[in-house]
Amino acid sequence: MTQTVAGRPESSRETEGPAARRVQEDPRWKPVAATLRRQGHRPDALIEGMHAAQQAFGWLDPAVLRALAEALDVPLAKVFGVATFYHLFTTRPLGTHGCIVCLGTACHLKGGPEILAALTRAHPVEPGQTSPGAEMTLTVARCIGACTLAPLVVLDGEIAGPVTVEEVLERVERWFGPASGETTR
Amino acid sequence: MTPEELRSRAERRRLEESRFSERLRVCTATSCASLGSGALFDALSAEIHRRGTGDRCELKRVGCLGLCAAGPLVMAEQGTGSTHTESLLREVRPEQAASLLDGFRDGFPAEQSVPLDLPFFRKQRRIVSEACGRIDPDRIDDAVAAGAYRALLEALHERTPADVLAEIDRSGLRGRGGAGYPTGLKWHTVAKAEASQKFVVCNADEGDPGAYMDRSVLESDPHRVLEGMALAAYAVGASEGFVYVRAEYLLAIERLRQAIGQANQIGLLGSAVGGTAFHFHVEVRLGAGAYVCGEETALLASIEGGRGTPRPRPPYPAAAGLFGAPTLINNVETLANVPAIVARGGDWFASIGTEKSKGTKIFALAGKVAHTGVIEVPMGTTLHEIVFELGGGIPDGARCKAVQTGGPSGGCIPARFFETPVDYENLAGLGSIMGSGGLIVMDEQTCMVDIARFFMAFCRDESCGKCVPCRVGTVELHQLLDTIANGRAGTRDMELLEEFCDLVRHTSLCGLGQSAPNPVLSTLRHFPEEYRAHLRGQCPAGVCFPASPAEEPPR
Ligand SMILES: Cc1cc2nc3c(=O)[nH]c(=O)nc-3n(C[C@H](O)[C@H](O)[C@H](O)COP(=O)(O)O)c2cc1C
Ligand code: FES
């Protein structure tokens with residue numbers, strides 16, 4: 001896979017073909033191809049295709065974006081524009097685990113900011129980033145639509161709420177293995 | 001499928017259900033599912049199997065039962081007609097499966113029973129959410145038995161598109177997506193547009209923090225929304241539809257897709273609907289986490305596969321929308337009102353509500369209130385009734401300070417105005433908006449400057465960056481609010497705050513920027529003393545000045 005800085009395409013166009021083709025030959029591309037086919041390879045299939053690709057590959061590698069551009073015959077610039085516009089698309093690899101802290105209105109009132117502060121104090125990770133050892137990607141959300149459970153977090157795709165700071169720290173601690181929290185900051 | 005065939009299908013399903021003397025409905029919508037209703041369902045299923053009482057006791061997955069905070073919720077029903085009883089049970093654990101089933105014989109534990117005569121239930125008037133929590137959203141026959149698609153087939157067979165339009169006109173229905181634009185007027189514009197291709201788009205982006213009504217409807221009764229879309233398509237002459245859903249709403253997406261598939265299969269959507277010449281193909285399109293995509297022109301750009309940035313109107317989508325074709329865009333709740341209006345008549349609908357706001361409104365109650373959950377009340381219900389009667393008041397005896405409606409486009413309404421009947425005009429008069437229906441209750445521990453800063457941070461993060469006033473203005477406004485909240489501001493900053501609000505409001509391209517100052521303006525108007533206190537270095541709610549700077553949460 002191409003080793004470019006996240007979100008920045010390689011400038012040389014020569015590599016475009018081979019990189020894209022390599023992705024298209026990857027078995028993980030299959031569900032993506034099926035999604036694009038279902039929509040007749042029309043340019044408006046781009047976002048659906050990106051969802052499928054992110055699901056299959058875990059993140060939107062520049063080579064994957066090239067493959068999408070090629071398959072839909074959409075300019076690469078547009079594909080990068082779309083990938084970087086939407087919050088849910090990530091052009092960086094994610095950690096093994098994911099923690100989303102809700103900072104919507106209800107969660108803001110009921111302690112979401114304290115949970116986030118405690119997490120960033122305990123672990124070497126900032127919102128929107130992945131910890132150096134790739135144990136966890138920490139993200140914030142502005143309401144995920146389950147406000148009755150405020151304050152809540154989403155741990156590896158599962159909503160947990162209402163939660164206390166201690167509960168979240170304890171759950172996340174396991175991802176880092178014992179005693180990693182103490183060594184940071 | 002003819003209306004008669006639909007009727008007999010409904011009859012068959014009702015008969016099938018009436019054979020059960022005991023019925024359990026387990027909520028499997030997002031909130032209860034997160035609290036473990038999936039495991040509960042499995043435990044109940046296993047226990048019924050073990051007892052061999054499957055022919056007597058029906059176990060069914062349903063959507064939202066309303067009182068989300070008390071989940072997992074189970075509705076236990078017994079008997080029919082005059083002997084029919086219902087008991088709502090709260091916080092049911094899987095290990096209680098056996099004792100729950102015994103409850104049909106021995107009575108249900110009082111401490112787990114939610115009295116159904118609570119104002120939370122009594123004061124509701126359910127039109128849109130009529131079948132929520134009653135039907136299995138994964139079984140189209142269940143929806144059909146509850147009356148789904150009857151209005152559609154009757155309209156297709158017996159009424160003209162103009163007839164359907166006239167019914168919507170008479171109903172006085174207004175858009176539930178926030179702005180309250182008259183639905184009939186919008187439909188007329190699209191109907192009049194001359195084009196070979198038209199679209200109906202359902203806006204299910206629901207991005208306002210604190211709002212989850214649309215999600216609840218989609219998870220509980222997706223067919224009602226689809227039927228509303230089909231009726232809209234018939235009335236305006238469209239043959240294709242899209243539902244644009246937030247990608248975060250996994251369950252809603254799954255149920256919607258399933259519902260479309262099932263309706264296509266038995267000819268209630270797709271080609272030759274109900275055996276007539278009317279075609280209506282519906283597709284689901286996912287958002288990707290951009291709040292601005294709830295704005296209609298940005299939403300269309302997103303469906304077309306691009307960056308979701310808005311464009312100036314006119315032309316309105318009704319004239320030039322998706323792929324340039326005339327497009328009708330309505331909110332989930334707006335469309336979900338349509339089947340009932342067509343079935344029961346616009347006059348019936350117009351008899352509910354206030355002079356200028358007809359029908360009901362669904363609110364998502366959240367924040368510092370005892371009964372958080374989804375409620376549907378007639379327009380004109382007062383905020384006091386909503387917060388203190390339906391909502392059960394503020395927990396821990398705290399005092400209510402304000403409610404926030406309309407999310408980042410709305411404002412905070414202080415408790416002294418709670419006798420106001422809720423409708424579009426009244427809320428606007430108080431400096432807020434009806435919005436899509438998120439209603440967040442705030443107590444004395446909520447700082448209004450902090451709330452204003454919170455919403456401005458939201459708008460700053462969600463600004464798409466296309467127009468300068470919104471992109472730059474929200475950053476400036478946020479910094480000003482931060483300075484005020486941290487007690488470092490002077491009177492000149494307060495003047496600047498008002499000037500910037502005015503500028504951003506009047507010069508932004510789309511509704512996001514135009515309404516971004518609202519939370520600031522409404523708190524300035526109703527809580528000026530709190531801003532003044534911050535200038536003196538005091539936060540009356542005790543939120544803004546943490547004991548030591550090291551404790552300050554990052555923003
Ligand atoms: C920034 C912004 C966000 C919006 N978000 C939504 C939304 O999440 N859901 C919605 O139905 N309407 C939303 N709207 C309103 C839509 O632009 C549009 O007016 C609405 O979908 C029309 O449907 P209605 O007439 O049925 O209300 C938003 C508007 C703006 C400016
Ligand atoms: S505010 Fe956190 S889920 Fe709505």
# chains A, B, ... in the order shown; residues from 1 in each chain; ligands from 1
>>> residues_around(residues="Gly184 in chain B", least_positions_apart="4", cutoff="7 Å", atoms="only C-alpha atoms", output="list in words")
Leu165, Ile168, Asp169 and His188 of chain B
>>> residues_near_ligand(ligand="ligand 2", cutoff="6 Å", atoms="only C-alpha atoms and all ligand atoms", output="ChimeraX atom specification")
/A:102-107,143-147,150 /B:209-210
>>> write_last_selection(atoms="N, CA, C and O atoms", output="tab-separated table (two decimals), in the first residue's frame")
chain	number	residue	atom	x	y	z
A	102	CYS	N	-19.78	11.21	23.45
A	102	CYS	CA	-20.80	12.13	22.95
A	102	CYS	C	-20.71	13.45	23.68
A	102	CYS	O	-20.65	13.50	24.91
A	103	LEU	N	-20.66	14.53	22.91
A	103	LEU	CA	-20.69	15.87	23.49
A	103	LEU	C	-21.88	16.64	22.94
A	103	LEU	O	-21.81	17.83	22.68
A	104	GLY	N	-22.99	15.92	22.69
A	104	GLY	CA	-24.22	16.61	22.30
A	104	GLY	C	-24.77	17.38	23.48
A	104	GLY	O	-24.18	17.36	24.57
A	105	THR	N	-25.90	18.05	23.28
A	105	THR	CA	-26.40	18.94	24.33
A	105	THR	C	-26.66	18.21	25.64
A	105	THR	O	-26.20	18.63	26.70
A	106	ALA	N	-27.39	17.10	25.57
A	106	ALA	CA	-27.74	16.38	26.79
A	106	ALA	C	-26.49	15.83	27.46
A	106	ALA	O	-26.31	15.93	28.67
A	107	CYS	N	-25.59	15.28	26.67
A	107	CYS	CA	-24.37	14.72	27.23
A	107	CYS	C	-23.47	15.83	27.76
A	107	CYS	O	-22.76	15.66	28.75
A	143	CYS	N	-23.95	14.40	19.64
A	143	CYS	CA	-25.23	13.70	19.76
A	143	CYS	C	-25.34	12.54	18.79
A	143	CYS	O	-25.26	12.69	17.59
A	144	ILE	N	-25.54	11.39	19.36
A	144	ILE	CA	-25.77	10.23	18.51
A	144	ILE	C	-27.22	9.78	18.60
A	144	ILE	O	-27.58	8.71	18.15
A	145	GLY	N	-28.06	10.63	19.17
A	145	GLY	CA	-29.50	10.37	19.13
A	145	GLY	C	-29.98	9.37	20.16
A	145	GLY	O	-30.98	8.70	19.95
A	146	ALA	N	-29.28	9.23	21.26
A	146	ALA	CA	-29.76	8.36	22.33
A	146	ALA	C	-29.65	9.13	23.64
A	146	ALA	O	-29.17	8.63	24.64
A	147	CYS	N	-30.13	10.37	23.60
A	147	CYS	CA	-29.89	11.33	24.69
A	147	CYS	C	-30.46	10.88	26.03
A	147	CYS	O	-30.05	11.38	27.06
A	150	ALA	N	-27.81	9.76	28.36
A	150	ALA	CA	-26.71	10.69	28.63
A	150	ALA	C	-26.25	10.60	30.09
A	150	ALA	O	-27.08	10.41	30.97
B	209	PRO	N	-28.33	18.32	17.83
B	209	PRO	CA	-28.02	17.56	19.04
B	209	PRO	C	-29.22	17.64	19.99
B	209	PRO	O	-29.81	18.69	20.17
B	210	GLY	N	-29.59	16.50	20.54
B	210	GLY	CA	-30.72	16.47	21.44
B	210	GLY	C	-32.02	16.08	20.77
B	210	GLY	O	-33.06	16.02	21.40
>>> residues_near_ligand(ligand="ligand 1", cutoff="9 Å", atoms="only C-alpha atoms and all ligand atoms", output="PyMOL selection string")
chain B and resi 174-183+186+201-208+211+214+246+291-299+310+328-335+408-409+435-436+459+462-463+510-516
>>> interface_residues(of="chain A", to="chain B", cutoff="9 Å", atoms="only C-alpha atoms", output="NGL selection string")
:A and (43-48 or 51 or 78-79 or 81-89 or 103-110 or 113-114 or 116-118 or 142-150 or 158-161)
>>> closest_residue(among="B:Leu6, B:Val217, B:Leu430, B:Ala97", to="Ile375 in chain B", atoms="only C-alpha atoms")
B:Val217
>>> residues_around(residues="Phe20 in chain B", least_positions_apart="4", cutoff="7 Å", atoms="only C-alpha atoms", output="list of chain:residue names")
B:Asp55, B:Arg56, B:Cys57, B:Glu58
>>> write_last_selection(atoms="C-alpha atoms", output="short mmCIF file (atom, residue, chain, number, x, y, z; two decimals), in the first residue's frame")
data_model
loop_
_atom_site.label_atom_id
_atom_site.label_comp_id
_atom_site.auth_asym_id
_atom_site.auth_seq_id
_atom_site.Cartn_x
_atom_site.Cartn_y
_atom_site.Cartn_z
CA ASP B 55 -49.46 -21.15 21.11
CA ARG B 56 -50.90 -19.01 23.87
CA CYS B 57 -48.23 -16.39 24.41
CA GLU B 58 -47.02 -14.15 21.62
#
>>> residues_around(residues="His478 in chain B", least_positions_apart="5", cutoff="12 Å", atoms="only C-alpha atoms", output="count of residues only")
30
>>> atom_distance(atom1="CA of Pro75 in chain A", atom2="CA of Val245 in chain B")
26.0 Å
>>> atom_distance(atom1="CA of Met229 in chain B", atom2="CA of Arg139 in chain B")
19.2 Å
>>> select_by_dssp(residues="chain A", states="alpha helix (DSSP H)", output="PDB file with C-alpha atoms, in the first residue's frame")
ATOM      1  CA  GLU A  16      -2.318   5.906 -10.062  1.00  0.00           C
ATOM      2  CA  GLY A  17      -3.128   2.978 -12.319  1.00  0.00           C
ATOM      3  CA  PRO A  18      -1.107   0.260 -10.561  1.00  0.00           C
ATOM      4  CA  ALA A  19      -2.104   1.376  -7.040  1.00  0.00           C
ATOM      5  CA  ALA A  20      -5.760   1.465  -7.940  1.00  0.00           C
ATOM      6  CA  ARG A  21      -5.561  -1.872  -9.691  1.00  0.00           C
ATOM      7  CA  ARG A  22      -3.890  -3.478  -6.704  1.00  0.00           C
ATOM      8  CA  VAL A  23      -6.807  -2.356  -4.562  1.00  0.00           C
ATOM      9  CA  GLN A  24      -9.334  -3.601  -7.074  1.00  0.00           C
ATOM     10  CA  GLU A  25      -7.714  -7.030  -7.009  1.00  0.00           C
ATOM     11  CA  TRP A  29     -12.766  -4.753  -2.725  1.00  0.00           C
ATOM     12  CA  LYS A  30     -15.534  -7.221  -3.629  1.00  0.00           C
ATOM     13  CA  PRO A  31     -18.336  -5.688  -1.516  1.00  0.00           C
ATOM     14  CA  VAL A  32     -17.273  -2.248  -2.694  1.00  0.00           C
ATOM     15  CA  ALA A  33     -17.490  -3.335  -6.321  1.00  0.00           C
ATOM     16  CA  ALA A  34     -20.922  -4.795  -5.633  1.00  0.00           C
ATOM     17  CA  THR A  35     -22.116  -1.493  -4.173  1.00  0.00           C
ATOM     18  CA  LEU A  36     -20.844   0.450  -7.164  1.00  0.00           C
ATOM     19  CA  ARG A  37     -22.367  -2.026  -9.579  1.00  0.00           C
ATOM     20  CA  ARG A  38     -25.739  -1.805  -7.848  1.00  0.00           C
ATOM     21  CA  LEU A  46     -19.366   7.852  -4.591  1.00  0.00           C
ATOM     22  CA  ILE A  47     -20.507   8.269  -0.997  1.00  0.00           C
ATOM     23  CA  GLU A  48     -22.140   4.845  -0.842  1.00  0.00           C
ATOM     24  CA  GLY A  49     -18.937   3.430  -2.309  1.00  0.00           C
ATOM     25  CA  MET A  50     -16.864   5.186   0.324  1.00  0.00           C
ATOM     26  CA  HIS A  51     -18.997   3.761   3.097  1.00  0.00           C
ATOM     27  CA  ALA A  52     -18.526   0.298   1.648  1.00  0.00           C
ATOM     28  CA  ALA A  53     -14.793   0.849   1.216  1.00  0.00           C
ATOM     29  CA  GLN A  54     -14.302   2.139   4.730  1.00  0.00           C
ATOM     30  CA  GLN A  55     -16.212  -0.813   6.074  1.00  0.00           C
ATOM     31  CA  ALA A  56     -14.094  -3.230   4.061  1.00  0.00           C
ATOM     32  CA  PHE A  57     -10.657  -1.664   4.517  1.00  0.00           C
ATOM     33  CA  PRO A  62      -5.168   6.975  -0.724  1.00  0.00           C
ATOM     34  CA  ALA A  63      -4.929   3.942  -2.987  1.00  0.00           C
ATOM     35  CA  VAL A  64      -8.514   3.020  -2.134  1.00  0.00           C
ATOM     36  CA  LEU A  65      -9.639   6.523  -3.031  1.00  0.00           C
ATOM     37  CA  ARG A  66      -7.826   6.169  -6.358  1.00  0.00           C
ATOM     38  CA  ALA A  67      -9.602   2.919  -6.996  1.00  0.00           C
ATOM     39  CA  LEU A  68     -12.933   4.607  -6.332  1.00  0.00           C
ATOM     40  CA  ALA A  69     -12.052   7.490  -8.624  1.00  0.00           C
ATOM     41  CA  GLU A  70     -11.137   5.092 -11.372  1.00  0.00           C
ATOM     42  CA  ALA A  71     -14.171   2.853 -10.953  1.00  0.00           C
ATOM     43  CA  LEU A  72     -16.619   5.748 -11.094  1.00  0.00           C
ATOM     44  CA  LEU A  76      -9.393  12.201  -7.951  1.00  0.00           C
ATOM     45  CA  ALA A  77      -9.609  15.754  -6.590  1.00  0.00           C
ATOM     46  CA  LYS A  78     -13.343  15.356  -6.157  1.00  0.00           C
ATOM     47  CA  VAL A  79     -12.916  12.024  -4.408  1.00  0.00           C
ATOM     48  CA  PHE A  80     -10.439  13.542  -1.941  1.00  0.00           C
ATOM     49  CA  GLY A  81     -12.727  16.508  -1.503  1.00  0.00           C
ATOM     50  CA  VAL A  82     -15.604  14.261  -0.516  1.00  0.00           C
ATOM     51  CA  ALA A  83     -13.507  11.991   1.693  1.00  0.00           C
ATOM     52  CA  THR A  84     -12.189  14.935   3.693  1.00  0.00           C
ATOM     53  CA  PHE A  85     -15.515  16.793   3.895  1.00  0.00           C
ATOM     54  CA  THR A 105     -26.403  18.942  24.329  1.00  0.00           C
ATOM     55  CA  ALA A 106     -27.744  16.380  26.792  1.00  0.00           C
ATOM     56  CA  CYS A 107     -24.368  14.718  27.231  1.00  0.00           C
ATOM     57  CA  HIS A 108     -22.704  18.124  27.590  1.00  0.00           C
ATOM     58  CA  LEU A 109     -25.064  18.947  30.453  1.00  0.00           C
ATOM     59  CA  LYS A 110     -24.666  15.604  32.131  1.00  0.00           C
ATOM     60  CA  GLY A 112     -19.608  14.362  28.659  1.00  0.00           C
ATOM     61  CA  PRO A 113     -16.790  16.944  28.863  1.00  0.00           C
ATOM     62  CA  GLU A 114     -15.557  15.448  32.156  1.00  0.00           C
ATOM     63  CA  ILE A 115     -15.406  11.986  30.574  1.00  0.00           C
ATOM     64  CA  LEU A 116     -13.391  13.317  27.659  1.00  0.00           C
ATOM     65  CA  ALA A 117     -11.026  15.220  29.941  1.00  0.00           C
ATOM     66  CA  ALA A 118     -10.441  12.139  32.077  1.00  0.00           C
ATOM     67  CA  LEU A 119      -9.735   9.995  29.017  1.00  0.00           C
ATOM     68  CA  THR A 120      -7.200  12.381  27.558  1.00  0.00           C
ATOM     69  CA  ARG A 121      -5.555  12.696  30.970  1.00  0.00           C
ATOM     70  CA  ALA A 122      -5.295   8.947  31.408  1.00  0.00           C
ATOM     71  CA  VAL A 165     -15.998   8.665  34.405  1.00  0.00           C
ATOM     72  CA  GLU A 166     -14.704   5.664  36.372  1.00  0.00           C
ATOM     73  CA  GLU A 167     -16.681   3.152  34.303  1.00  0.00           C
ATOM     74  CA  VAL A 168     -15.329   4.535  31.043  1.00  0.00           C
ATOM     75  CA  LEU A 169     -11.764   4.621  32.315  1.00  0.00           C
ATOM     76  CA  GLU A 170     -12.056   1.052  33.486  1.00  0.00           C
ATOM     77  CA  ARG A 171     -13.426  -0.227  30.168  1.00  0.00           C
ATOM     78  CA  VAL A 172     -10.801   1.619  28.157  1.00  0.00           C
ATOM     79  CA  GLU A 173      -7.993   0.595  30.500  1.00  0.00           C
ATOM     80  CA  ARG A 174      -8.361  -3.001  29.310  1.00  0.00           C
ATOM     81  CA  TRP A 175      -7.544  -1.991  25.755  1.00  0.00           C
ATOM     82  CA  PHE A 176      -4.225  -0.578  26.843  1.00  0.00           C
TER      83      PHE A 176
END
>>> select_by_dssp(residues="range 7-120 of chain A", states="strand (DSSP E or B)", output="JSON, numbers by chain")
{"A": [97, 98, 99, 100, 101, 102]}
>>> write_last_selection(atoms="all heavy atoms", output="CSV table (one decimal), in the first residue's frame")
chain,number,residue,atom,x,y,z
A,97,HIS,N,-9.2,-0.4,18.8
A,97,HIS,CA,-10.5,-0.1,19.4
A,97,HIS,C,-10.9,1.3,19.2
A,97,HIS,O,-10.1,2.2,18.9
A,97,HIS,CB,-10.4,-0.4,21.0
A,97,HIS,CG,-10.1,-1.8,21.3
A,97,HIS,ND1,-11.0,-2.8,21.3
A,97,HIS,CD2,-8.9,-2.3,21.7
A,97,HIS,CE1,-10.4,-3.9,21.6
A,97,HIS,NE2,-9.1,-3.7,21.9
A,98,GLY,N,-12.2,1.5,19.3
A,98,GLY,CA,-12.7,2.9,19.1
A,98,GLY,C,-13.6,3.3,20.3
A,98,GLY,O,-14.4,2.6,20.8
A,99,CYS,N,-13.3,4.6,20.7
A,99,CYS,CA,-14.1,5.2,21.7
A,99,CYS,C,-14.7,6.5,21.3
A,99,CYS,O,-13.9,7.4,20.9
A,99,CYS,CB,-13.3,5.4,23.0
A,99,CYS,SG,-14.2,6.2,24.3
A,100,ILE,N,-16.0,6.6,21.2
A,100,ILE,CA,-16.6,7.9,20.9
A,100,ILE,C,-17.2,8.5,22.1
A,100,ILE,O,-18.0,7.8,22.8
A,100,ILE,CB,-17.7,7.7,19.8
A,100,ILE,CG1,-17.2,6.9,18.6
A,100,ILE,CG2,-18.3,9.0,19.4
A,100,ILE,CD1,-18.2,6.5,17.6
A,101,VAL,N,-16.9,9.7,22.4
A,101,VAL,CA,-17.5,10.4,23.6
A,101,VAL,C,-18.5,11.3,23.0
A,101,VAL,O,-18.2,12.2,22.2
A,101,VAL,CB,-16.4,11.2,24.4
A,101,VAL,CG1,-17.1,11.9,25.5
A,101,VAL,CG2,-15.4,10.2,24.9
A,102,CYS,N,-19.8,11.2,23.4
A,102,CYS,CA,-20.8,12.1,22.9
A,102,CYS,C,-20.7,13.5,23.7
A,102,CYS,O,-20.6,13.5,24.9
A,102,CYS,CB,-22.2,11.6,23.1
A,102,CYS,SG,-23.4,12.7,22.5
>>> residues_around(residues="Thr382 in chain B", least_positions_apart="3", cutoff="8 Å", atoms="only C-alpha atoms", output="JSON list (two decimals) with all heavy atoms, in the first residue's frame")
[["chain", "number", "residue", "atom", "x", "y", "z"],
["B", 385, "GLU", "N", -46.75, 22.05, 30.90],
["B", 385, "GLU", "CA", -47.30, 20.69, 30.83],
["B", 385, "GLU", "C", -46.24, 19.70, 30.37],
["B", 385, "GLU", "O", -46.12, 18.59, 30.89],
["B", 385, "GLU", "CB", -48.49, 20.64, 29.86],
["B", 385, "GLU", "CG", -49.75, 21.30, 30.37],
["B", 385, "GLU", "CD", -50.82, 21.37, 29.28],
["B", 385, "GLU", "OE1", -50.65, 22.16, 28.32],
["B", 385, "GLU", "OE2", -51.81, 20.63, 29.39],
["B", 386, "ILE", "N", -45.46, 20.12, 29.37],
["B", 386, "ILE", "CA", -44.45, 19.20, 28.83],
["B", 386, "ILE", "C", -43.38, 18.87, 29.87],
["B", 386, "ILE", "O", -43.05, 17.71, 30.09],
["B", 386, "ILE", "CB", -43.81, 19.80, 27.56],
["B", 386, "ILE", "CG1", -44.84, 19.85, 26.43],
["B", 386, "ILE", "CG2", -42.59, 18.97, 27.12],
["B", 386, "ILE", "CD1", -44.36, 20.51, 25.16],
["B", 418, "PHE", "N", -43.17, 29.56, 30.78],
["B", 418, "PHE", "CA", -43.62, 28.19, 30.53],
["B", 418, "PHE", "C", -45.12, 28.03, 30.30],
["B", 418, "PHE", "O", -45.56, 26.97, 29.87],
["B", 418, "PHE", "CB", -43.16, 27.26, 31.66],
["B", 418, "PHE", "CG", -41.77, 26.74, 31.48],
["B", 418, "PHE", "CD1", -40.92, 27.29, 30.55],
["B", 418, "PHE", "CD2", -41.31, 25.67, 32.24],
["B", 418, "PHE", "CE1", -39.62, 26.82, 30.38],
["B", 418, "PHE", "CE2", -40.02, 25.18, 32.07],
["B", 418, "PHE", "CZ", -39.18, 25.76, 31.15],
["B", 419, "GLU", "N", -45.89, 29.08, 30.60],
["B", 419, "GLU", "CA", -47.33, 28.94, 30.33],
["B", 419, "GLU", "C", -47.66, 29.13, 28.85],
["B", 419, "GLU", "O", -48.80, 29.00, 28.43],
["B", 419, "GLU", "CB", -48.14, 29.92, 31.19],
["B", 419, "GLU", "CG", -48.17, 29.58, 32.67],
["B", 419, "GLU", "CD", -48.56, 28.13, 32.96],
["B", 419, "GLU", "OE1", -49.39, 27.58, 32.21],
["B", 419, "GLU", "OE2", -48.01, 27.53, 33.91],
["B", 420, "THR", "N", -46.64, 29.44, 28.07],
["B", 420, "THR", "CA", -46.87, 29.66, 26.64],
["B", 420, "THR", "C", -47.26, 28.37, 25.93],
["B", 420, "THR", "O", -46.57, 27.36, 26.06],
["B", 420, "THR", "CB", -45.56, 30.16, 25.97],
["B", 420, "THR", "OG1", -45.01, 31.16, 26.80],
["B", 420, "THR", "CG2", -45.81, 30.68, 24.58],
["B", 421, "PRO", "N", -48.38, 28.40, 25.18],
["B", 421, "PRO", "CA", -48.71, 27.22, 24.38],
["B", 421, "PRO", "C", -47.69, 27.06, 23.24],
["B", 421, "PRO", "O", -47.35, 28.03, 22.58],
["B", 421, "PRO", "CB", -50.09, 27.54, 23.79],
["B", 421, "PRO", "CG", -50.58, 28.74, 24.54],
["B", 421, "PRO", "CD", -49.38, 29.46, 25.03],
["B", 422, "VAL", "N", -47.23, 25.86, 23.06],
["B", 422, "VAL", "CA", -46.19, 25.63, 22.05],
["B", 422, "VAL", "C", -46.78, 25.64, 20.64],
["B", 422, "VAL", "O", -47.65, 24.83, 20.33],
["B", 422, "VAL", "CB", -45.52, 24.26, 22.31],
["B", 422, "VAL", "CG1", -44.61, 23.88, 21.15],
["B", 422, "VAL", "CG2", -44.72, 24.31, 23.60]]
>>> atom_distance(atom1="CA of Leu481 in chain B", atom2="CA of Pro469 in chain B")
16.9 Å
>>> residues_around(residues="Pro119 in chain B", least_positions_apart="2", cutoff="10 Å", atoms="only C-alpha atoms", output="number ranges by chain")
B: 115-117, 121-124, 385-386, 388-392
>>> residues_around(residues="Ala134 in chain A", least_positions_apart="2", cutoff="9 Å", atoms="only C-alpha atoms", output="short mmCIF file (atom, residue, chain, number, x, y, z; two decimals) with N, CA, C and O atoms, in the first residue's frame")
data_model
loop_
_atom_site.label_atom_id
_atom_site.label_comp_id
_atom_site.auth_asym_id
_atom_site.auth_seq_id
_atom_site.Cartn_x
_atom_site.Cartn_y
_atom_site.Cartn_z
N PRO A 93 -5.38 5.51 9.28
CA PRO A 93 -5.71 4.21 9.86
C PRO A 93 -6.24 4.39 11.28
O PRO A 93 -5.83 5.31 11.99
N LEU A 94 -7.15 3.52 11.68
CA LEU A 94 -7.74 3.62 13.01
C LEU A 94 -7.04 2.66 13.97
O LEU A 94 -6.37 1.72 13.56
N GLY A 95 -7.24 2.91 15.25
CA GLY A 95 -6.70 2.02 16.27
C GLY A 95 -7.51 0.73 16.34
O GLY A 95 -8.55 0.60 15.70
N THR A 96 -7.02 -0.21 17.14
CA THR A 96 -7.70 -1.49 17.28
C THR A 96 -9.11 -1.30 17.85
O THR A 96 -10.06 -1.96 17.46
N HIS A 97 -9.21 -0.38 18.82
CA HIS A 97 -10.50 -0.13 19.44
C HIS A 97 -10.93 1.31 19.18
O HIS A 97 -10.10 2.17 18.89
N THR A 130 -5.45 8.76 17.13
CA THR A 130 -5.24 7.39 17.54
C THR A 130 -4.03 7.35 18.46
O THR A 130 -3.05 8.07 18.22
N SER A 131 -4.11 6.53 19.48
CA SER A 131 -2.98 6.47 20.43
C SER A 131 -1.74 5.95 19.70
O SER A 131 -1.86 5.19 18.74
N PRO A 132 -0.53 6.32 20.16
CA PRO A 132 0.70 5.95 19.46
C PRO A 132 0.83 4.45 19.24
O PRO A 132 1.31 4.00 18.21
N MET A 136 -6.23 2.62 20.54
CA MET A 136 -7.56 3.20 20.52
C MET A 136 -7.60 4.47 19.68
O MET A 136 -6.67 5.26 19.69
N THR A 137 -8.71 4.64 18.96
CA THR A 137 -8.98 5.91 18.32
C THR A 137 -10.07 6.60 19.14
O THR A 137 -11.10 6.00 19.44
#
